[in-house]
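S.K.: Here you go, this is protein-v1.txt (compact mmCIF, C-alpha atoms and all ligand atoms).
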# COMPACT_ATOMS: atom_id res chain seq x y z
CA MET V 1 -153.18 160.72 141.27
CA LEU V 2 -151.48 163.52 143.27
CA LEU V 3 -153.50 162.96 146.44
CA ARG V 4 -153.26 159.18 146.20
CA ARG V 5 -149.47 159.31 145.97
CA VAL V 6 -149.07 161.88 148.72
CA GLY V 7 -151.47 159.91 150.92
CA GLU V 8 -149.51 156.72 150.25
CA ALA V 9 -146.24 158.34 151.30
CA ILE V 10 -147.74 159.91 154.42
CA GLY V 11 -149.24 156.57 155.48
CA LYS V 12 -146.26 154.38 154.62
CA PHE V 13 -143.68 156.54 156.36
CA LYS V 14 -145.95 157.78 159.20
CA MET V 15 -145.15 161.34 158.16
CA ILE V 16 -148.14 163.05 159.77
CA ARG V 17 -149.83 162.02 163.03
CA ASP V 18 -152.74 163.10 165.14
CA GLY V 19 -152.20 166.54 166.70
CA ASP V 20 -149.30 167.54 164.42
CA ARG V 21 -148.73 171.10 163.33
CA VAL V 22 -147.20 170.97 159.87
CA ALA V 23 -145.19 173.88 158.49
CA VAL V 24 -144.77 173.66 154.71
CA ALA V 25 -141.57 175.15 153.32
CA VAL V 26 -142.78 177.03 150.24
CA SER V 27 -139.91 178.00 147.95
CA GLY V 28 -142.12 179.71 145.39
CA GLY V 29 -141.69 176.85 142.91
CA LYS V 30 -144.28 174.42 141.53
CA ASP V 31 -143.38 171.51 143.81
CA SER V 32 -143.75 173.16 147.21
CA VAL V 33 -146.99 174.95 146.28
CA THR V 34 -148.40 171.66 144.98
CA LEU V 35 -147.38 170.02 148.26
CA LEU V 36 -149.18 172.71 150.25
CA GLU V 37 -152.38 172.22 148.20
CA ALA V 38 -152.20 168.45 148.60
CA LEU V 39 -151.85 168.74 152.38
CA LEU V 40 -154.75 171.19 152.59
CA LEU V 41 -156.94 168.75 150.66
CA LEU V 42 -155.80 165.70 152.63
CA GLN V 43 -156.37 167.56 155.88
CA LYS V 44 -160.10 167.46 155.14
CA ARG V 45 -160.10 163.72 154.40
CA SER V 46 -157.61 162.37 156.88
CA PRO V 47 -158.69 160.62 160.08
CA ALA V 48 -155.65 162.26 161.76
CA ARG V 49 -156.31 165.80 162.88
CA PHE V 50 -153.47 168.14 162.01
CA THR V 51 -153.00 171.81 161.20
CA VAL V 52 -151.11 173.29 158.26
CA CYS V 53 -149.24 176.55 157.94
CA ALA V 54 -146.67 177.74 155.41
CA PHE V 55 -143.56 179.84 155.27
CA THR V 56 -141.12 181.21 152.73
CA VAL V 57 -137.52 182.17 153.43
CA GLU V 58 -136.39 185.29 151.61
CA GLN V 59 -132.65 184.96 150.93
CA GLY V 60 -132.48 187.76 148.36
CA LYS V 61 -132.71 185.48 145.33
CA PHE V 62 -136.29 185.79 144.10
CA LEU V 63 -136.60 187.33 140.65
CA ARG V 64 -140.12 188.69 141.20
CA PRO V 65 -142.01 190.22 144.12
CA VAL V 66 -143.61 187.58 146.32
CA ALA V 67 -146.84 189.57 146.80
CA PRO V 68 -148.91 187.29 144.48
CA LEU V 69 -147.90 184.32 146.63
CA GLY V 70 -149.13 186.22 149.68
CA ASP V 71 -152.46 186.94 147.92
CA TYR V 72 -152.83 183.27 147.05
CA MET V 73 -152.16 182.21 150.67
CA LYS V 74 -154.74 184.71 151.87
CA ALA V 75 -157.31 183.44 149.38
CA ARG V 76 -156.65 179.84 150.53
CA GLY V 77 -156.92 180.87 154.19
CA VAL V 78 -153.39 179.65 154.94
CA SER V 79 -151.35 181.23 157.68
CA TRP V 80 -148.16 182.18 155.76
CA THR V 81 -144.94 183.62 157.14
CA TYR V 82 -142.66 185.48 154.77
CA PHE V 83 -139.34 185.53 156.56
CA HIS V 84 -136.63 187.98 155.54
CA ASP V 85 -133.43 186.22 156.58
CA ALA V 86 -130.93 188.96 157.46
CA PRO V 87 -127.87 186.64 157.73
CA SER V 88 -128.54 185.36 154.17
CA PHE V 89 -128.61 188.94 152.87
CA ARG V 90 -125.32 189.68 154.63
CA LEU V 91 -123.85 186.54 153.06
CA LEU V 92 -125.04 187.71 149.64
CA GLU V 93 -123.32 191.07 150.15
CA GLU V 94 -120.09 189.66 151.52
CA GLN V 95 -119.79 186.61 149.25
CA PRO V 96 -122.02 187.15 146.19
CA ASP V 97 -120.71 183.97 144.55
CA HIS V 98 -121.25 181.66 147.51
CA GLY V 99 -122.18 178.11 146.68
CA CYS V 100 -125.25 176.04 147.44
CA ASP V 101 -123.68 174.43 150.51
CA LEU V 102 -123.41 177.70 152.36
CA CYS V 103 -126.77 178.96 151.12
CA SER V 104 -128.61 175.84 152.21
CA ARG V 105 -126.89 175.86 155.59
CA TYR V 106 -128.20 179.39 156.14
CA ARG V 107 -131.63 178.33 154.94
CA ARG V 108 -131.74 175.32 157.27
CA ARG V 109 -130.98 177.50 160.26
CA ALA V 110 -133.71 179.94 159.19
CA VAL V 111 -136.20 177.10 158.61
CA TYR V 112 -135.77 175.79 162.16
CA GLU V 113 -136.06 179.29 163.58
CA ILE V 114 -139.29 179.93 161.65
CA ALA V 115 -140.82 176.55 162.48
CA ARG V 116 -140.06 177.07 166.16
CA GLY V 117 -141.79 180.45 166.03
CA LEU V 118 -144.81 178.86 164.34
CA GLY V 119 -145.13 176.19 167.01
CA ALA V 120 -144.75 173.48 164.37
CA ASN V 121 -143.43 169.99 165.14
CA VAL V 122 -143.37 168.84 161.50
CA ILE V 123 -141.64 170.57 158.57
CA ALA V 124 -142.70 169.43 155.09
CA PHE V 125 -140.42 169.85 152.07
CA GLY V 126 -141.37 169.63 148.40
CA HIS V 127 -138.71 167.19 147.14
CA THR V 128 -140.20 165.07 144.39
CA ALA V 129 -139.67 161.54 143.07
CA ASP V 130 -137.29 163.08 140.53
CA ASP V 131 -135.22 164.61 143.34
CA PHE V 132 -135.02 161.24 145.12
CA CYS V 133 -133.90 159.43 141.96
CA GLU V 134 -131.42 162.14 141.06
CA ALA V 135 -129.95 162.03 144.59
CA LEU V 136 -129.64 158.25 144.42
CA LEU V 137 -127.74 158.43 141.13
CA ARG V 138 -125.58 161.32 142.32
CA ASN V 139 -124.60 159.59 145.56
CA THR V 140 -124.00 156.26 143.89
CA LEU V 141 -121.95 157.67 141.03
CA PHE V 142 -120.08 160.46 142.77
CA THR V 143 -119.92 159.81 146.51
CA GLY V 144 -119.63 156.03 146.52
CA ARG V 145 -122.67 155.49 148.73
CA ILE V 146 -126.06 154.01 147.90
CA SER V 147 -128.32 156.65 149.42
CA ALA V 148 -130.88 159.19 148.28
CA LEU V 149 -132.95 161.47 150.55
CA PRO V 150 -134.73 160.57 153.79
CA PRO V 151 -138.53 160.52 153.40
CA VAL V 152 -138.68 161.08 157.17
CA ALA V 153 -135.93 162.34 159.44
CA TYR V 154 -135.57 164.27 162.68
CA SER V 155 -133.69 167.45 163.45
CA ARG V 156 -130.60 167.02 165.60
CA GLU V 157 -132.42 168.00 168.78
CA ARG V 158 -135.36 165.82 167.69
CA ASP V 159 -137.67 168.81 168.01
CA PHE V 160 -138.84 168.60 164.37
CA ARG V 161 -139.93 165.73 162.16
CA LEU V 162 -138.77 166.52 158.62
CA VAL V 163 -140.96 164.97 155.94
CA ARG V 164 -140.96 164.79 152.14
CA PRO V 165 -144.50 163.76 151.14
CA LEU V 166 -143.87 164.17 147.38
CA VAL V 167 -141.48 161.20 147.32
CA TYR V 168 -143.85 159.30 144.97
CA VAL V 169 -144.89 162.35 142.94
CA SER V 170 -143.05 163.05 139.69
CA GLU V 171 -142.35 166.52 138.37
CA GLU V 172 -144.67 165.86 135.44
CA ILE V 173 -147.48 165.72 137.99
CA THR V 174 -146.45 168.88 139.88
CA THR V 175 -145.89 170.79 136.63
CA ALA V 176 -149.32 169.85 135.30
CA TYR V 177 -151.04 170.53 138.63
CA ALA V 178 -149.38 173.94 139.07
CA ALA V 179 -150.36 174.92 135.52
CA GLN V 180 -153.92 173.71 135.95
CA LYS V 181 -154.36 175.63 139.21
CA GLN V 182 -152.46 178.66 137.88
CA PHE V 183 -150.36 178.96 141.01
CA PRO V 184 -148.43 182.21 141.30
CA LEU V 185 -144.88 180.84 141.02
CA ILE V 186 -141.91 182.99 142.01
CA PRO V 187 -138.72 182.08 140.13
CA CYS V 188 -135.43 182.04 141.97
CA GLY V 189 -132.35 183.71 140.45
CA CYS V 190 -130.43 180.52 140.98
CA SER V 191 -132.78 178.29 139.06
CA GLN V 192 -130.42 178.27 136.04
CA ARG V 193 -127.39 177.71 138.23
CA THR V 194 -127.65 173.95 138.50
CA GLY V 195 -124.17 172.42 138.53
CA ALA V 196 -122.84 170.35 135.65
CA VAL V 197 -123.31 167.01 137.45
CA ARG V 198 -126.91 167.71 138.44
CA ARG V 199 -127.70 169.04 134.97
CA SER V 200 -126.35 165.94 133.25
CA LEU V 201 -128.14 163.60 135.69
CA ARG V 202 -131.39 165.47 135.14
CA ASP V 203 -130.96 165.32 131.39
CA TYR V 204 -130.14 161.62 131.60
CA LEU V 205 -133.21 160.88 133.74
CA ALA V 206 -135.41 162.97 131.43
CA GLN V 207 -134.13 161.02 128.45
CA LEU V 208 -134.69 157.68 130.23
CA LYS V 209 -138.23 158.73 131.16
CA GLN V 210 -138.95 159.51 127.52
CA GLU V 211 -137.86 156.03 126.48
CA TYR V 212 -139.18 154.13 129.51
CA PRO V 213 -142.10 155.94 131.14
CA HIS V 214 -141.97 153.77 134.29
CA VAL V 215 -138.29 154.18 135.02
CA LEU V 216 -138.84 156.56 137.94
CA GLU V 217 -141.28 154.14 139.59
CA ASN V 218 -138.77 151.33 139.14
CA ILE V 219 -135.98 153.30 140.81
CA LEU V 220 -138.28 154.26 143.70
CA SER V 221 -139.40 150.66 144.02
CA ALA V 222 -135.75 149.52 144.08
CA MET V 223 -135.03 151.94 146.93
CA GLY V 224 -137.70 150.19 148.96
CA LYS V 225 -136.54 146.64 148.17
CA LEU V 226 -132.87 146.27 148.97
CA ASP V 227 -131.40 142.89 148.28
CA THR V 228 -128.44 143.21 150.63
CA SER V 229 -127.16 139.73 149.80
CA ARG V 230 -126.31 141.00 146.31
CA LEU V 231 -124.41 144.07 147.43
CA LEU V 232 -120.90 144.36 148.82
CA ASP V 233 -121.53 145.64 152.33
CA THR V 234 -120.12 142.99 154.65
CA ARG V 235 -122.39 144.17 157.49
CA PHE V 236 -125.24 142.51 155.64
CA LEU V 237 -123.51 139.43 154.27
CA ALA V 238 -123.45 136.06 155.97
CA LEU V 239 -119.73 135.49 155.45
CA ASP V 240 -119.66 132.27 157.43
CA GLY V 241 -121.56 130.26 154.90
CA ASP V 242 -125.19 131.12 155.57
CA THR V 243 -125.71 132.83 152.22
CA VAL V 244 -127.91 130.80 149.90
CA GLU V 245 -127.46 131.35 146.17
CA THR V 246 -130.92 131.90 144.74
CA GLY V 247 -130.01 131.52 141.08
CA GLU V 248 -129.45 134.12 138.41
CA PRO V 249 -129.96 137.71 139.48
CA ASP V 250 -133.41 138.98 138.54
CA LEU V 251 -132.53 141.53 135.89
CA LEU V 252 -136.08 142.19 134.81
CA PRO V 253 -137.53 145.52 135.86
CA ILE V 254 -140.57 145.40 138.11
CA LEU V 255 -142.47 147.43 135.56
CA SER V 256 -141.55 146.63 131.98
CA PRO V 257 -140.34 149.39 129.71
CA ALA V 258 -142.99 150.75 127.35
CA GLY V 259 -143.72 148.51 124.45
CA GLU V 260 -141.92 145.47 125.82
S1 LIG V 301 -129.45 177.14 143.85
FE1 LIG V 301 -129.25 179.19 144.75
S2 LIG V 301 -130.95 179.33 146.23
FE2 LIG V 301 -130.62 177.17 145.77
S3 LIG V 301 -129.18 176.44 147.33
FE3 LIG V 301 -127.96 177.04 145.56
S4 LIG V 301 -127.35 179.14 145.96
FE4 LIG V 301 -129.08 178.68 147.31
Step by step, read the file and then write its structure as structure tokens.
Ligand code: SF4
M.R.:
Amino acid sequence: MLLRRVGEAIGKFKMIRDGDRVAVAVSGGKDSVTLLEALLLLQKRSPARFTVCAFTVEQGKFLRPVAPLGDYMKARGVSWTYFHDAPSFRLLEEQPDHGCDLCSRYRRRAVYEIARGLGANVIAFGHTADDFCEALLRNTLFTGRISALPPVAYSRERDFRLVRPLVYVSEEITTAYAAQKQFPLIPCGCSQRTGAVRRSLRDYLAQLKQEYPHVLENILSAMGKLDTSRLLDTRFLALDGDTVETGEPDLLPILSPAGE
């Protein structure tokens, strides 16, 4: 299941190509370590030849020593860079209560610096299907835009391809996989600091998933099948009379809720 979904995303969005050097951003959580494992396994099966390395940015927020993660990387034969980001530590000292915006800006700068040093042209992040769906809801409800996360994007200078191969992988899958493999996970001090909006969206999605097990797949499917003639963006509407009414909107989900 895990490999099939990661393989599907890589193929569909052309995330990894022949000759790529992929640097996996390992945060110490279940998702990024699962992503690393999946890429190592797919590397052996893929017709495309690519190399994989990993890195972790230390921003002073881990609650446990990262040594077990280092031991695991060694045992898996992965080249792993543990990067102590001095500017992030200074930020922590000067503004201990800084928000996520600032923290992630510092992290992004560090990520590019590390990837450059590793000679990587692809950076892989462990955002899951849950993250995509949560971002879609957050943006729709609170920023007035229908957008989620890019499965593939490029850095401003176009020197890195940024990929999110877990787009079709739910957190149930990463949780189960990480537990089964007994990955050494390193909790982050901020993990409880999720804002009120994110917390309520997560709770809402979790509740929906309980009631309708396929809801995540339906949201992901919807993101890939825009019906622009039924939205309000005039860039995509034929305002001069070319629009053809195709009947009642199709309100049925692509995958029916459980038991219906
Ligand atoms: S939750 Fe913590 S580690 Fe994550 S972006 Fe926010 S401040 Fe940084």
S.K.: With a cut-off of 10 Å, could you pull out the residues of chain V touching ligand LIG 301 (chain V) and give me the nearest pair of atoms for each, distance in Å to one decimal, using only C-alpha atoms and all ligand atoms, ordered by chain and ascending number, as JSON lines?
M.R.:
{"residue": "V:Ser27", "atom": "CA", "partner": "V:LIG301", "partner_atom": "S2", "distance": 9.2}
{"residue": "V:Glu58", "atom": "CA", "partner": "V:LIG301", "partner_atom": "S2", "distance": 9.7}
{"residue": "V:Gln59", "atom": "CA", "partner": "V:LIG301", "partner_atom": "S2", "distance": 7.5}
{"residue": "V:Gly60", "atom": "CA", "partner": "V:LIG301", "partner_atom": "S2", "distance": 8.8}
{"residue": "V:Lys61", "atom": "CA", "partner": "V:LIG301", "partner_atom": "S2", "distance": 6.5}
{"residue": "V:Phe62", "atom": "CA", "partner": "V:LIG301", "partner_atom": "S2", "distance": 8.6}
{"residue": "V:Ser88", "atom": "CA", "partner": "V:LIG301", "partner_atom": "FE4", "distance": 9.6}
{"residue": "V:Leu92", "atom": "CA", "partner": "V:LIG301", "partner_atom": "S4", "distance": 9.6}
{"residue": "V:Pro96", "atom": "CA", "partner": "V:LIG301", "partner_atom": "S4", "distance": 9.6}
{"residue": "V:Asp97", "atom": "CA", "partner": "V:LIG301", "partner_atom": "S4", "distance": 8.3}
{"residue": "V:His98", "atom": "CA", "partner": "V:LIG301", "partner_atom": "S4", "distance": 6.8}
{"residue": "V:Gly99", "atom": "CA", "partner": "V:LIG301", "partner_atom": "S4", "distance": 5.3}
{"residue": "V:Cys100", "atom": "CA", "partner": "V:LIG301", "partner_atom": "FE3", "distance": 3.4}
{"residue": "V:Asp101", "atom": "CA", "partner": "V:LIG301", "partner_atom": "S3", "distance": 6.7}
{"residue": "V:Leu102", "atom": "CA", "partner": "V:LIG301", "partner_atom": "S4", "distance": 7.7}
{"residue": "V:Cys103", "atom": "CA", "partner": "V:LIG301", "partner_atom": "FE4", "distance": 4.5}
{"residue": "V:Ser104", "atom": "CA", "partner": "V:LIG301", "partner_atom": "S3", "distance": 4.9}
{"residue": "V:Arg105", "atom": "CA", "partner": "V:LIG301", "partner_atom": "S3", "distance": 8.6}
{"residue": "V:Tyr106", "atom": "CA", "partner": "V:LIG301", "partner_atom": "FE4", "distance": 8.9}
{"residue": "V:Arg107", "atom": "CA", "partner": "V:LIG301", "partner_atom": "FE4", "distance": 8.1}
{"residue": "V:Cys188", "atom": "CA", "partner": "V:LIG301", "partner_atom": "S2", "distance": 6.7}
{"residue": "V:Gly189", "atom": "CA", "partner": "V:LIG301", "partner_atom": "FE1", "distance": 7.0}
{"residue": "V:Cys190", "atom": "CA", "partner": "V:LIG301", "partner_atom": "FE1", "distance": 4.2}
{"residue": "V:Ser191", "atom": "CA", "partner": "V:LIG301", "partner_atom": "S1", "distance": 5.9}
{"residue": "V:Gln192", "atom": "CA", "partner": "V:LIG301", "partner_atom": "S1", "distance": 8.0}
{"residue": "V:Arg193", "atom": "CA", "partner": "V:LIG301", "partner_atom": "S1", "distance": 6.0}
{"residue": "V:Thr194", "atom": "CA", "partner": "V:LIG301", "partner_atom": "S1", "distance": 6.5}
{"residue": "V:Gly195", "atom": "CA", "partner": "V:LIG301", "partner_atom": "S1", "distance": 8.9}
S.K.: Mind running range 1-39 of chain V against range 171-187 of chain V at 10 Å and telling me each contacting residue's nearest atom pair with the distance in Å (one decimal), counting all atoms listed in the file, chain and number ascending, as CSV?
M.R.:
residue,atom,partner,partner_atom,distance
V:Met1,CA,V:Ile173,CA,8.3
V:Leu2,CA,V:Ile173,CA,7.0
V:Ser27,CA,V:Ile186,CA,8.0
V:Gly28,CA,V:Ile186,CA,4.7
V:Gly29,CA,V:Leu185,CA,5.4
V:Lys30,CA,V:Ala178,CA,5.7
V:Asp31,CA,V:Thr174,CA,5.6
V:Ser32,CA,V:Thr174,CA,8.9
V:Val33,CA,V:Phe183,CA,7.4
V:Thr34,CA,V:Thr174,CA,6.1
V:Leu35,CA,V:Thr174,CA,8.5
V:Glu37,CA,V:Ala178,CA,9.8
S.K.: How many Å separate CA of Asp71 in chain V from CA of Phe50 in chain V?
M.R.: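 Separation of CA of Asp71 in chain V and CA of Phe50 in chain V: 23.5 Å.
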S.K.: What is the CA of Leu149 in chain V to CA of Arg49 in chain V distance in Å?
M.R.: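 Computed distance, CA of Leu149 in chain V to CA of Arg49 in chain V, equals 26.8 Å.
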S.K.: Considering all atoms listed in the file, state which residue in the set V:Met15, V:Asp227, V:Asp233, V:Ala48 is at the smallest distance from Tyr154 in chain V.
M.R.: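 Checking each of V:Met15, V:Asp227, V:Asp233, V:Ala48 against Tyr154 in chain V, counting all atoms listed in the file, the winner is V:Met15.
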S.K.: Could you check how far CA of Ala135 in chain V sits from CA of Gln95 in chain V, in Å to one decimal?
M.R.: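 Interatomic distance here is 27.0 Å.
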S.K.: Using only C-alpha atoms, which of V:Leu40, V:Ile16, V:Leu162, V:Val167 sits nearest Gly224 in chain V?
M.R.: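 Among V:Leu40, V:Ile16, V:Leu162, V:Val167, it is V:Val167 that comes nearest to Gly224 in chain V.
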S.K.: Using only C-alpha atoms, which residue out of V:Ala129, V:Val66, V:Met223, V:Ala153 lies closest to Leu166 in chain V?
M.R.: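 With only C-alpha atoms as the atom set, the closest residue is V:Ala129.
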S.K.: Looking at all atoms listed in the file, which of V:Ser170, V:Asn218, V:Asn121, V:Thr128 is the one that sits closest to Val22 in chain V?
M.R.: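 Comparing V:Ser170, V:Asn218, V:Asn121, V:Thr128 against Val22 in chain V, the winner is V:Asn121.
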S.K.: Using all atoms listed in the file, which residues sit within 10 Å of Glu217 in chain V once same-chain residues fewer than 4 positions away are excluded, as a ChimeraX atom specification?
M.R.: /V:129-130,133,168-170,213,221-223,254-255
S.K.: Considering all atoms listed in the file, state which residue in the set V:Ala148, V:Leu231, V:Val163, V:Ala38 is at the smallest distance from Arg17 in chain V.
M.R.: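 Closest to Arg17 in chain V, using all atoms listed in the file: V:Val163.
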